[in-house]
$ cat input21.cif   # mmCIF, C-alpha atoms
data_query
loop_
_atom_site.label_atom_id
_atom_site.label_comp_id
_atom_site.auth_asym_id
_atom_site.auth_seq_id
_atom_site.Cartn_x
_atom_site.Cartn_y
_atom_site.Cartn_z
CA MET A 22 -41.92 13.76 19.89
CA PRO A 23 -40.20 15.15 16.78
CA ARG A 24 -36.83 13.73 15.75
CA ILE A 25 -34.36 16.26 14.41
CA THR A 26 -31.00 15.98 12.72
CA VAL A 27 -28.60 18.83 13.36
CA THR A 28 -24.90 19.22 12.70
CA VAL A 29 -23.10 20.92 15.57
CA ASP A 30 -19.44 21.82 15.27
CA GLY A 31 -19.06 19.38 12.39
CA ILE A 32 -20.73 16.40 14.09
CA GLN A 33 -24.20 15.24 13.07
CA TYR A 34 -26.65 14.46 15.86
CA GLU A 35 -30.12 12.91 15.80
CA GLN A 36 -32.26 13.86 18.76
CA ASP A 37 -35.85 13.40 19.87
CA VAL A 38 -36.91 16.80 21.18
CA GLU A 39 -39.92 18.40 22.78
CA PRO A 40 -41.40 20.93 20.35
CA ARG A 41 -40.80 23.72 22.89
CA LEU A 42 -37.10 22.88 23.57
CA LEU A 43 -34.87 25.86 22.83
CA LEU A 44 -31.72 25.39 20.77
CA VAL A 45 -29.58 26.74 23.63
CA HIS A 46 -30.89 23.99 25.93
CA LEU A 47 -30.30 21.31 23.29
CA LEU A 48 -26.73 22.51 22.90
CA ARG A 49 -25.96 22.75 26.62
CA GLU A 50 -28.00 19.98 28.21
CA ARG A 51 -28.09 17.31 25.52
CA LEU A 52 -24.90 17.91 23.56
CA GLY A 53 -22.65 19.29 26.32
CA LYS A 54 -21.83 22.53 24.48
CA THR A 55 -21.63 24.60 27.66
CA GLY A 56 -19.56 27.35 26.06
CA THR A 57 -22.86 28.79 24.86
CA PRO A 58 -24.23 30.45 27.99
CA VAL A 59 -27.85 31.09 28.87
CA GLY A 60 -27.90 34.80 29.55
CA CYS A 61 -31.38 36.22 29.64
CA ASP A 62 -33.69 33.69 27.93
CA THR A 63 -35.38 36.66 26.25
CA SER A 64 -32.99 37.30 23.32
CA ASN A 65 -31.94 40.64 24.77
CA CYS A 66 -28.32 40.01 25.72
CA GLY A 67 -26.86 37.92 22.88
CA ALA A 68 -24.64 35.79 25.14
CA CYS A 69 -26.09 32.63 23.55
CA THR A 70 -25.28 33.65 19.96
CA VAL A 71 -24.22 30.81 17.67
CA LEU A 72 -23.81 30.54 13.91
CA LEU A 73 -26.85 28.88 12.36
CA ASP A 74 -26.17 28.01 8.74
CA GLY A 75 -23.40 30.60 8.81
CA LYS A 76 -25.44 33.47 10.26
CA SER A 77 -25.52 34.62 13.85
CA ALA A 78 -28.61 33.60 15.80
CA LYS A 79 -29.54 33.95 19.44
CA SER A 80 -30.02 30.32 20.39
CA CYS A 81 -32.45 31.21 23.19
CA SER A 82 -34.90 32.44 20.55
CA VAL A 83 -34.64 29.44 18.21
CA LEU A 84 -36.54 26.24 18.85
CA ALA A 85 -34.49 23.08 18.40
CA VAL A 86 -37.03 21.85 15.82
CA GLN A 87 -36.31 25.00 13.78
CA ALA A 88 -32.67 23.92 13.57
CA ASP A 89 -33.58 20.57 12.00
CA GLY A 90 -31.27 20.02 9.03
CA CYS A 91 -29.11 23.03 9.93
CA ASP A 92 -25.43 23.47 10.59
CA VAL A 93 -24.69 25.04 13.99
CA VAL A 94 -21.29 26.35 15.04
CA THR A 95 -20.71 27.13 18.71
CA ILE A 96 -17.77 28.84 20.36
CA GLU A 97 -16.28 25.38 20.95
CA GLY A 98 -16.33 24.67 17.22
CA LEU A 99 -14.27 27.66 16.14
CA GLY A 100 -10.69 26.69 16.87
CA ALA A 101 -8.76 24.02 15.03
CA ASN A 102 -6.09 21.61 16.28
CA GLY A 103 -6.07 23.14 19.76
CA SER A 104 -5.57 26.68 18.48
CA LEU A 105 -7.89 29.60 18.97
CA HIS A 106 -9.82 31.06 16.05
CA PRO A 107 -8.29 34.42 15.00
CA MET A 108 -11.27 36.27 16.51
CA GLN A 109 -10.91 34.42 19.82
CA GLN A 110 -7.19 35.23 19.82
CA ALA A 111 -7.93 38.89 19.08
CA PHE A 112 -10.35 39.09 22.03
CA HIS A 113 -7.63 37.60 24.23
CA GLU A 114 -4.86 39.88 22.99
CA GLU A 115 -6.97 43.05 23.17
CA HIS A 116 -8.27 42.23 26.67
CA ALA A 117 -11.81 42.43 25.32
CA LEU A 118 -13.40 40.66 28.25
CA GLN A 119 -13.67 40.92 31.98
CA CYS A 120 -16.03 38.33 33.40
CA GLY A 121 -16.24 36.57 30.01
CA TYR A 122 -19.93 35.76 30.15
CA CYS A 123 -20.81 37.70 27.00
CA THR A 124 -17.63 36.76 25.14
CA PRO A 125 -18.88 33.65 23.27
CA GLY A 126 -21.82 35.59 21.85
CA MET A 127 -19.68 38.61 21.03
CA VAL A 128 -17.15 36.45 19.18
CA MET A 129 -19.84 34.64 17.19
CA ALA A 130 -21.63 37.90 16.29
CA ALA A 131 -18.31 39.46 15.27
CA ILE A 132 -17.52 36.56 12.95
CA ASP A 133 -20.91 36.96 11.28
CA LEU A 134 -20.36 40.72 11.00
CA LEU A 135 -17.07 40.07 9.18
CA ARG A 136 -18.82 37.67 6.83
CA GLN A 137 -20.94 40.64 5.76
CA ASP A 138 -18.18 43.29 5.93
CA PRO A 139 -14.60 41.98 6.10
CA ASP A 140 -13.16 45.43 6.90
CA PRO A 141 -15.74 47.21 9.08
CA SER A 142 -15.39 50.69 10.50
CA GLU A 143 -15.68 51.31 14.24
CA GLU A 144 -19.23 52.54 13.71
CA THR A 145 -20.15 49.42 11.72
CA ILE A 146 -18.71 47.21 14.46
CA ARG A 147 -20.67 49.03 17.15
CA GLN A 148 -23.87 48.74 15.11
CA GLY A 149 -23.19 45.10 14.25
CA LEU A 150 -22.75 44.15 17.89
CA GLU A 151 -25.57 46.24 19.35
CA GLY A 152 -27.67 43.11 19.97
CA ASN A 153 -24.94 41.76 22.26
CA LEU A 154 -24.63 43.29 25.70
CA CYS A 155 -21.61 43.49 27.98
CA ARG A 156 -22.08 44.83 31.48
CA CYS A 157 -18.40 44.83 32.43
CA THR A 158 -16.52 46.68 29.68
CA GLY A 159 -16.92 49.97 27.90
CA TYR A 160 -16.82 48.18 24.52
CA CYS A 161 -13.62 49.96 23.43
CA ASN A 162 -11.51 46.81 23.75
CA ILE A 163 -14.25 44.75 22.10
CA VAL A 164 -14.24 47.07 19.09
CA ARG A 165 -10.42 46.89 18.94
CA ALA A 166 -10.60 43.10 19.13
CA VAL A 167 -13.03 42.92 16.23
CA ARG A 168 -10.79 45.19 14.13
CA ARG A 169 -7.77 43.04 15.00
CA GLY A 170 -9.72 39.86 14.29
CA ALA A 171 -10.75 41.30 10.92
CA GLN A 172 -7.10 41.98 10.08
CA GLU A 173 -6.01 38.51 11.19
CA MET A 174 -8.85 36.78 9.36
CA GLY A 175 -8.09 38.78 6.23
CA GLN A 176 -4.45 37.65 6.41
CA ALA A 177 -5.51 34.05 7.03
CA VAL A 178 -7.64 34.09 3.86
CA SER A 179 -4.81 35.43 1.68
CA ARG A 180 -2.17 33.00 2.99
CA PRO A 181 -1.33 30.02 0.76
#
$ encode --input "input21.cif" --output "structure tokens"
Amino acid sequence: MPRITVTVDGIQYEQDVEPRLLLVHLLRERLGKTGTPVGCDTSNCGACTVLLDGKSAKSCSVLAVQADGCDVVTIEGLGANGSLHPMQQAFHEEHALQCGYCTPGMVMAAIDLLRQDPDPSEETIRQGLEGNLCRCTGYCNIVRAVRRGAQEMGQAVSRP
């Protein structure tokens, strides 16, 4: 059985894993990171999106052995000192969720989108999140939340 080393939310873990174990199952079942939901197991919905070496990845389509040596950030790893990340706060303030099942993946994908484009247009946001599905909302509040998160994150970067 292969042994992998992976850093998740700033903590390094060594795990013996079956070669077929998916990253999402490693995170949830072995490491207790249950904020990353299993949505579809087919990479269609994006609910399980995490940041893998800084880029969004659907953890149901990544084998744990492929994450060997990587840095993974889950929804639980975003906030600091008990505070929400600016994108999480923006989703809360803009009421960008209903059932909340897709929210972790949406937040993670939005953060990656802002890494690529810190001030995206509405069209860019919609295109950037098209791999993440929400069955409850009409996406309007999600788009507003990403715009607000972009503004807040931009302010956070420029603060001393």
$ axis_aligned_box --input "input21.cif" --around "region 155-163 of chain A" --padding-each-side "3 Å" --output "AutoDock Vina command-line options"
--center_x -16.8 --center_y 46.7 --center_z 27.3 --size_x 16.6 --size_y 12.5 --size_z 16.3
$ closest_residue --input "input21.cif" --among "A:Gln36, A:Ser104, A:Thr145, A:Gln110" --to "Ala88 (chain A)" --atoms "only C-alpha atoms"
A:Gln36
$ resolve_selection --input "input21.cif" --expression "the PyMOL selection byres ((chain A and resi 59) around 9)" --output "ChimeraX atom specification"
/A:45-46,49,57-58,60-62,68-69,80-81
$ atom_distance --input "input21.cif" --atom1 "CA of Leu72 (chain A)" --atom2 "CA of Ala85 (chain A)"
13.8 Å
$ atom_distance --input "input21.cif" --atom1 "CA of Pro40 (chain A)" --atom2 "CA of Thr124 (chain A)"
29.0 Å
$ resolve_selection --input "input21.cif" --expression "the PyMOL selection byres ((chain A and resi 161) around 12)" --output "MDAnalysis selection string"
chainID A and resid 112 115:118 143:144 146:147 155 157:160 162:168
